[in-house]
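What follows is a set of notes on a single structure, which appears directly below.
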Number of protein chains: 2
Amino acid sequence: MKATFMYGPGDVRVEEVERPTIVEPTDAVIKMLSTCVCGSDLWPYRGLEGEQTEPRRMGHEYVGVVEEIGSDVKTVKPGDVVVGSFCLSDGTCAVCEGGYPSRCMHGGFVGEAQAQYLRVPLADGTLVATPGEPTEEQLADLTAASDVLGTGWFAADEAQAGPGKTIVVVGDGAVGLSAVLAAKQLGASRIIAMSRHADRQALAREFGATDIVEERGEAGVAKIMEMTNGVGADGVVEAVGTQESMMQAISACRPGGYVGYVGVSHGVQLDGGQLFFSEVHLMGGPAPVRKYLPEFIDLIYKGEIHPGKVFTKTVDLDDIAEGYRAMDQREAIKVRVRP
Amino acid sequence: MKATFMYGPGDVRVEEVERPTIVEPTDAVIKMLSTCVCGSDLWPYRGLEGEQTEPRRMGHEYVGVVEEIGSDVKTVKPGDVVVGSFCLSDGTCAVCEGGYPSRCMHGGFVGEAQAQYLRVPLADGTLVATPGEPTEEQLADLTAASDVLGTGWFAADEAQAGPGKTIVVVGDGAVGLSAVLAAKQLGASRIIAMSRHADRQALAREFGATDIVEERGEAGVAKIMEMTNGVGADGVVEAVGTQESMMQAISACRPGGYVGYVGVSHGVQLDGGQLFFSEVHLMGGPAPVRKYLPEFIDLIYKGEIHPGKVFTKTVDLDDIAEGYRAMDQREAIKVRVRP
């Protein structure tokens, strides 16, 4: 089968590899229907994750048809169209039961999904079966649900988005835009998207943003303060992962407010004293996407949300290098890949 | 009147100064009944807050009798025995109404309470009248309520202490011990105090600790993990303010758990990546003591809590230097001061 490798910064290749097979009785093997390129894939693509010594398989977002299951798998069966999270989870440990399957005590990360087939360990706790064959639009929506929608939703959830609340979203990538959609679904009254790109601003508005702020850094914070009578936002989503975006998120939040951060932290250092006197609730990490998937599938099949709109470009697996390039160059918000 | 000055590390003096008078119509002037020395007063006493260029008035915990009020003050009157927070608050701004009077938009900090009289700005939003003349024991309890009880309670509250929860308390000073008392009142099922001092362990047990862990740092975290089946505590209170204590608190917390930190941060640096993958809720800062005061006063006058037991030594104002010394040398957990 075909699979994607990153050989080093800017060097993405598709090569033939063995098709995966069942290894553990809790495994499932799925035939990929749809996968995509993640903003986090761009960190190594841009050489921002340190020296890479050997080619590395890529991809952690996926929708597929179950081909084969291990003898212990009970909740999905061959022929089911399934979505899974980028985190593996058994669904039964104390941490999963506490609502954080992304930190399952026996879990791990998916890392080989930009391919034609994928072995999914802990299938019962990781995969969710859909009601049936998705349309092409639903397939895009489900692909987004596998990571970016869940990640944005988690951040909006931790930012306590809800009725009467003003929510700021820092970051206009697919995760930030998904957080806008989530904040809207969760009932936030005012959703301020911080974005300086026309195409992303348009999608943010379509997803539910009530305001757009183009300024960033201190100027951006000043603008949010001005818009909130000097108080700050009730909740802020951080969806970038840099020092500047994190400080922008914390500083734009009211005392006692909530910052949900999901940008994978790169070089961020938080000063304890500054954090102490900011006095905001801070929560982030790998999103527990799996716990939201049943609700996402329901909303998607009912046609109530269209998170797949973040995919502004689709390529065949053979052309995935072009997908990386387009995302890196910001020609596309997010790129979907047909296997 | 007599007032306390810190001239520099280890150099605390009592001197005569002018009695304060009403300056703003929202002020009250109180005659001090009881004040005390705070763990945070020890930072400058130990020379850990940088160069000090001139003598500085000290003290921010207080119980007093109202002597005089400004023309706008409505909720307290001369003769009332009152308690206030170390933070000034108007009680009416958006941040106060949101539950964070310690970050009042028009507030500030009290800093001259180790004296015979104190001017309290924003009296209506800062002070709370008690039902009447306190006994000596109640006076000690009320003095604790002014800061350490409220600070420990806030941390336990943010750590989501409640029925069924396992709460760890890092720090066995007066704030940590108060957090143990708070966790007990909030209904926590298991309260693990991290302490290596026999006198503090005894008070922790009296306040409601079910377990004591003497190990600290990585060994302390390993012990907590062992006690929680490898999951971590549901909530952790951090009541020290050092790098080690902060990392101990974060590392002892389960994924998705809650860390309430109230140790005033000194030199703490949090690595964004480490925090991301810890995936704990982090909240701290100056405690919104004022919002808890009515409940504290009620519990104290009913005799249901005795937070004043953290005062293991009492001195006259003239001897406050001895109080600082005893706390610095850990001969006393906390020192109360008779003005």
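Quick note on naming: the chains in the structure tokens go A, B, ... in the order shown, residues restart at 1 in each chain, and ligands are numbered from 1 in order of appearance.
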Requested in this report: Check the DSSP output for the backbone and give back, as number ranges by chain, the residues of segment 15-153 of chain A in helix (DSSP H, G or I).
Outcome: A: 39-45, 94-97, 101-103, 123-126, 136-145, 148-153
Please tabulate, as CSV, the residues of chain B that come within 8 Å of chain A, each with its closest pair of atoms and the distance in Å to one decimal, counting only C-alpha atoms and ordering rows by chain, then residue number upward.
residue,atom,partner,partner_atom,distance
B:Ala94,CA,A:Val231,CA,7.1
B:Val95,CA,A:Pro255,CA,6.8
B:Gly98,CA,A:Gly256,CA,7.5
B:Gly99,CA,A:Gly256,CA,7.5
B:Tyr100,CA,A:Gly256,CA,6.2
B:Arg103,CA,A:Pro255,CA,6.5
B:Met105,CA,A:Val231,CA,7.9
B:Val231,CA,A:Val95,CA,7.1
B:Arg254,CA,A:Val95,CA,7.6
B:Pro255,CA,A:Arg103,CA,6.5
B:Gly256,CA,A:Tyr100,CA,6.2
B:Val262,CA,A:Phe276,CA,7.9
B:Val264,CA,A:Phe276,CA,7.3
B:Ser265,CA,A:Gly273,CA,5.0
B:His266,CA,A:Gly273,CA,6.7
B:Gly267,CA,A:Gly272,CA,6.9
B:Val268,CA,A:Gly272,CA,4.6
B:Gln269,CA,A:Asp271,CA,4.9
B:Leu270,CA,A:Leu270,CA,5.0
B:Asp271,CA,A:Gln269,CA,4.9
B:Gly272,CA,A:Val268,CA,4.6
B:Gly273,CA,A:Ser265,CA,5.0
B:Leu275,CA,A:Gly285,CA,7.7
B:Phe276,CA,A:Gly285,CA,4.3
B:Phe277,CA,A:Gly285,CA,5.5
B:Ser278,CA,A:Gly285,CA,7.3
B:Glu279,CA,A:Gly285,CA,4.9
B:Val280,CA,A:Met283,CA,6.1
B:His281,CA,A:Met283,CA,4.6
B:Leu282,CA,A:Leu282,CA,5.0
B:Met283,CA,A:His281,CA,4.6
B:Gly284,CA,A:Glu279,CA,5.6
B:Gly285,CA,A:Phe276,CA,4.3
B:Pro286,CA,A:Phe277,CA,7.1
Selected residues written out with N, CA and C atoms, as an mmCIF file, in the first residue's frame:
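File written: again33.cif
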data_model
loop_
_atom_site.group_PDB
_atom_site.id
_atom_site.type_symbol
_atom_site.label_atom_id
_atom_site.label_comp_id
_atom_site.auth_asym_id
_atom_site.auth_seq_id
_atom_site.Cartn_x
_atom_site.Cartn_y
_atom_site.Cartn_z
ATOM 1 N N ALA B 94 -17.221 44.653 37.307
ATOM 2 C CA ALA B 94 -17.501 43.395 36.601
ATOM 3 C C ALA B 94 -16.655 42.242 37.141
ATOM 4 N N VAL B 95 -15.425 42.535 37.541
ATOM 5 C CA VAL B 95 -14.545 41.473 38.027
ATOM 6 C C VAL B 95 -14.967 41.023 39.427
ATOM 7 N N GLY B 98 -17.950 39.000 39.084
ATOM 8 C CA GLY B 98 -17.611 37.697 38.530
ATOM 9 C C GLY B 98 -16.977 36.771 39.553
ATOM 10 N N GLY B 99 -16.805 37.253 40.792
ATOM 11 C CA GLY B 99 -16.283 36.372 41.841
ATOM 12 C C GLY B 99 -14.800 36.517 42.127
ATOM 13 N N TYR B 100 -14.172 37.555 41.593
ATOM 14 C CA TYR B 100 -12.736 37.739 41.829
ATOM 15 C C TYR B 100 -12.414 39.117 42.403
ATOM 16 N N ARG B 103 -9.119 40.881 42.320
ATOM 17 C CA ARG B 103 -8.650 41.528 41.099
ATOM 18 C C ARG B 103 -9.581 42.666 40.700
ATOM 19 N N MET B 105 -11.300 45.922 39.668
ATOM 20 C CA MET B 105 -10.788 46.880 38.678
ATOM 21 C C MET B 105 -10.366 48.201 39.313
ATOM 22 N N VAL B 231 -2.677 6.996 38.986
ATOM 23 C CA VAL B 231 -3.513 7.977 38.296
ATOM 24 C C VAL B 231 -3.135 9.416 38.639
ATOM 25 N N ARG B 254 -3.725 14.217 38.479
ATOM 26 C CA ARG B 254 -4.131 13.345 37.377
ATOM 27 C C ARG B 254 -4.395 14.162 36.109
ATOM 28 N N PRO B 255 -4.284 13.534 34.936
ATOM 29 C CA PRO B 255 -4.652 14.249 33.713
ATOM 30 C C PRO B 255 -6.110 14.686 33.827
ATOM 31 N N GLY B 256 -6.359 15.935 33.515
ATOM 32 C CA GLY B 256 -7.715 16.455 33.648
ATOM 33 C C GLY B 256 -8.035 16.924 35.059
ATOM 34 N N VAL B 262 -1.470 28.914 45.207
ATOM 35 C CA VAL B 262 -1.571 30.186 45.925
ATOM 36 C C VAL B 262 -0.262 30.621 46.567
ATOM 37 N N VAL B 264 2.861 32.489 46.569
ATOM 38 C CA VAL B 264 3.255 33.607 45.700
ATOM 39 C C VAL B 264 4.520 33.193 44.949
ATOM 40 N N SER B 265 4.388 33.139 43.634
ATOM 41 C CA SER B 265 5.442 32.609 42.781
ATOM 42 C C SER B 265 6.749 33.387 42.895
ATOM 43 N N HIS B 266 7.804 32.691 43.210
ATOM 44 C CA HIS B 266 9.140 33.290 43.262
ATOM 45 C C HIS B 266 10.074 32.525 42.348
ATOM 46 N N GLY B 267 10.312 33.089 41.172
ATOM 47 C CA GLY B 267 11.260 32.482 40.231
ATOM 48 C C GLY B 267 10.726 31.252 39.517
ATOM 49 N N VAL B 268 9.417 31.031 39.571
ATOM 50 C CA VAL B 268 8.865 29.851 38.898
ATOM 51 C C VAL B 268 8.808 30.081 37.388
ATOM 52 N N GLN B 269 9.270 29.099 36.622
ATOM 53 C CA GLN B 269 9.163 29.118 35.163
ATOM 54 C C GLN B 269 8.508 27.814 34.741
ATOM 55 N N LEU B 270 7.405 27.909 34.019
ATOM 56 C CA LEU B 270 6.730 26.704 33.568
ATOM 57 C C LEU B 270 7.010 26.485 32.091
ATOM 58 N N ASP B 271 7.464 25.285 31.778
ATOM 59 C CA ASP B 271 7.729 24.937 30.398
ATOM 60 C C ASP B 271 6.410 24.588 29.709
ATOM 61 N N GLY B 272 6.116 25.305 28.630
ATOM 62 C CA GLY B 272 4.839 25.136 27.938
ATOM 63 C C GLY B 272 4.588 23.707 27.485
ATOM 64 N N GLY B 273 5.625 23.055 26.964
ATOM 65 C CA GLY B 273 5.465 21.687 26.483
ATOM 66 C C GLY B 273 5.140 20.722 27.611
ATOM 67 N N LEU B 275 3.767 21.504 30.448
ATOM 68 C CA LEU B 275 2.429 21.825 30.939
ATOM 69 C C LEU B 275 1.378 21.220 30.002
ATOM 70 N N PHE B 276 1.616 21.336 28.695
ATOM 71 C CA PHE B 276 0.698 20.811 27.679
ATOM 72 C C PHE B 276 0.466 19.316 27.909
ATOM 73 N N PHE B 277 1.546 18.597 28.106
ATOM 74 C CA PHE B 277 1.400 17.152 28.246
ATOM 75 C C PHE B 277 1.040 16.713 29.677
ATOM 76 N N SER B 278 1.080 17.647 30.620
ATOM 77 C CA SER B 278 0.557 17.338 31.959
ATOM 78 C C SER B 278 -0.972 17.358 31.910
ATOM 79 N N GLU B 279 -1.483 18.275 31.109
ATOM 80 C CA GLU B 279 -2.937 18.390 30.884
ATOM 81 C C GLU B 279 -3.730 18.502 32.190
ATOM 82 N N VAL B 280 -3.307 19.444 33.023
ATOM 83 C CA VAL B 280 -4.060 19.706 34.254
ATOM 84 C C VAL B 280 -4.631 21.120 34.203
ATOM 85 N N HIS B 281 -5.735 21.310 34.886
ATOM 86 C CA HIS B 281 -6.298 22.652 35.034
ATOM 87 C C HIS B 281 -5.446 23.390 36.059
ATOM 88 N N LEU B 282 -5.008 24.577 35.683
ATOM 89 C CA LEU B 282 -4.124 25.341 36.548
ATOM 90 C C LEU B 282 -4.789 26.673 36.841
ATOM 91 N N MET B 283 -4.952 26.975 38.120
ATOM 92 C CA MET B 283 -5.549 28.270 38.485
ATOM 93 C C MET B 283 -4.968 28.732 39.802
ATOM 94 N N GLY B 284 -4.588 30.001 39.833
ATOM 95 C CA GLY B 284 -4.071 30.538 41.072
ATOM 96 C C GLY B 284 -3.959 32.043 40.997
ATOM 97 N N GLY B 285 -3.476 32.611 42.078
ATOM 98 C CA GLY B 285 -3.329 34.054 42.152
ATOM 99 C C GLY B 285 -3.759 34.528 43.525
ATOM 100 N N PRO B 286 -3.812 35.861 43.690
ATOM 101 C CA PRO B 286 -4.267 36.401 44.980
ATOM 102 C C PRO B 286 -5.706 35.915 45.240
#
Report task. Enumerate, as a ChimeraX atom specification, the complete set of residues in segment 106-291 of chain A that a backbone-based DSSP assignment places in strand (DSSP E or B). Result -> /A:108-109,115,117-120,127-129,166-170,190-194,211-213,233-238,253-261,269-271,281-284
Query raised in the report: Hey, can you check how far atom CA of Ser189 of chain A sits from atom CA of Gly39 of chain A?
Result: 28.0 Å
Query raised in the report: Skipping near chain neighbours, those fewer than 3 positions away, what residues fall within 9 Å of Gly171 of chain A using only C-alpha atoms, listed as an MDAnalysis selection string?
Result: chainID A and resid 174:177 193:195 237:240 245 263
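Atom to atom, atom CA of Met247 of chain A and atom CA of Ala198 of chain A stand 24.1 Å apart.
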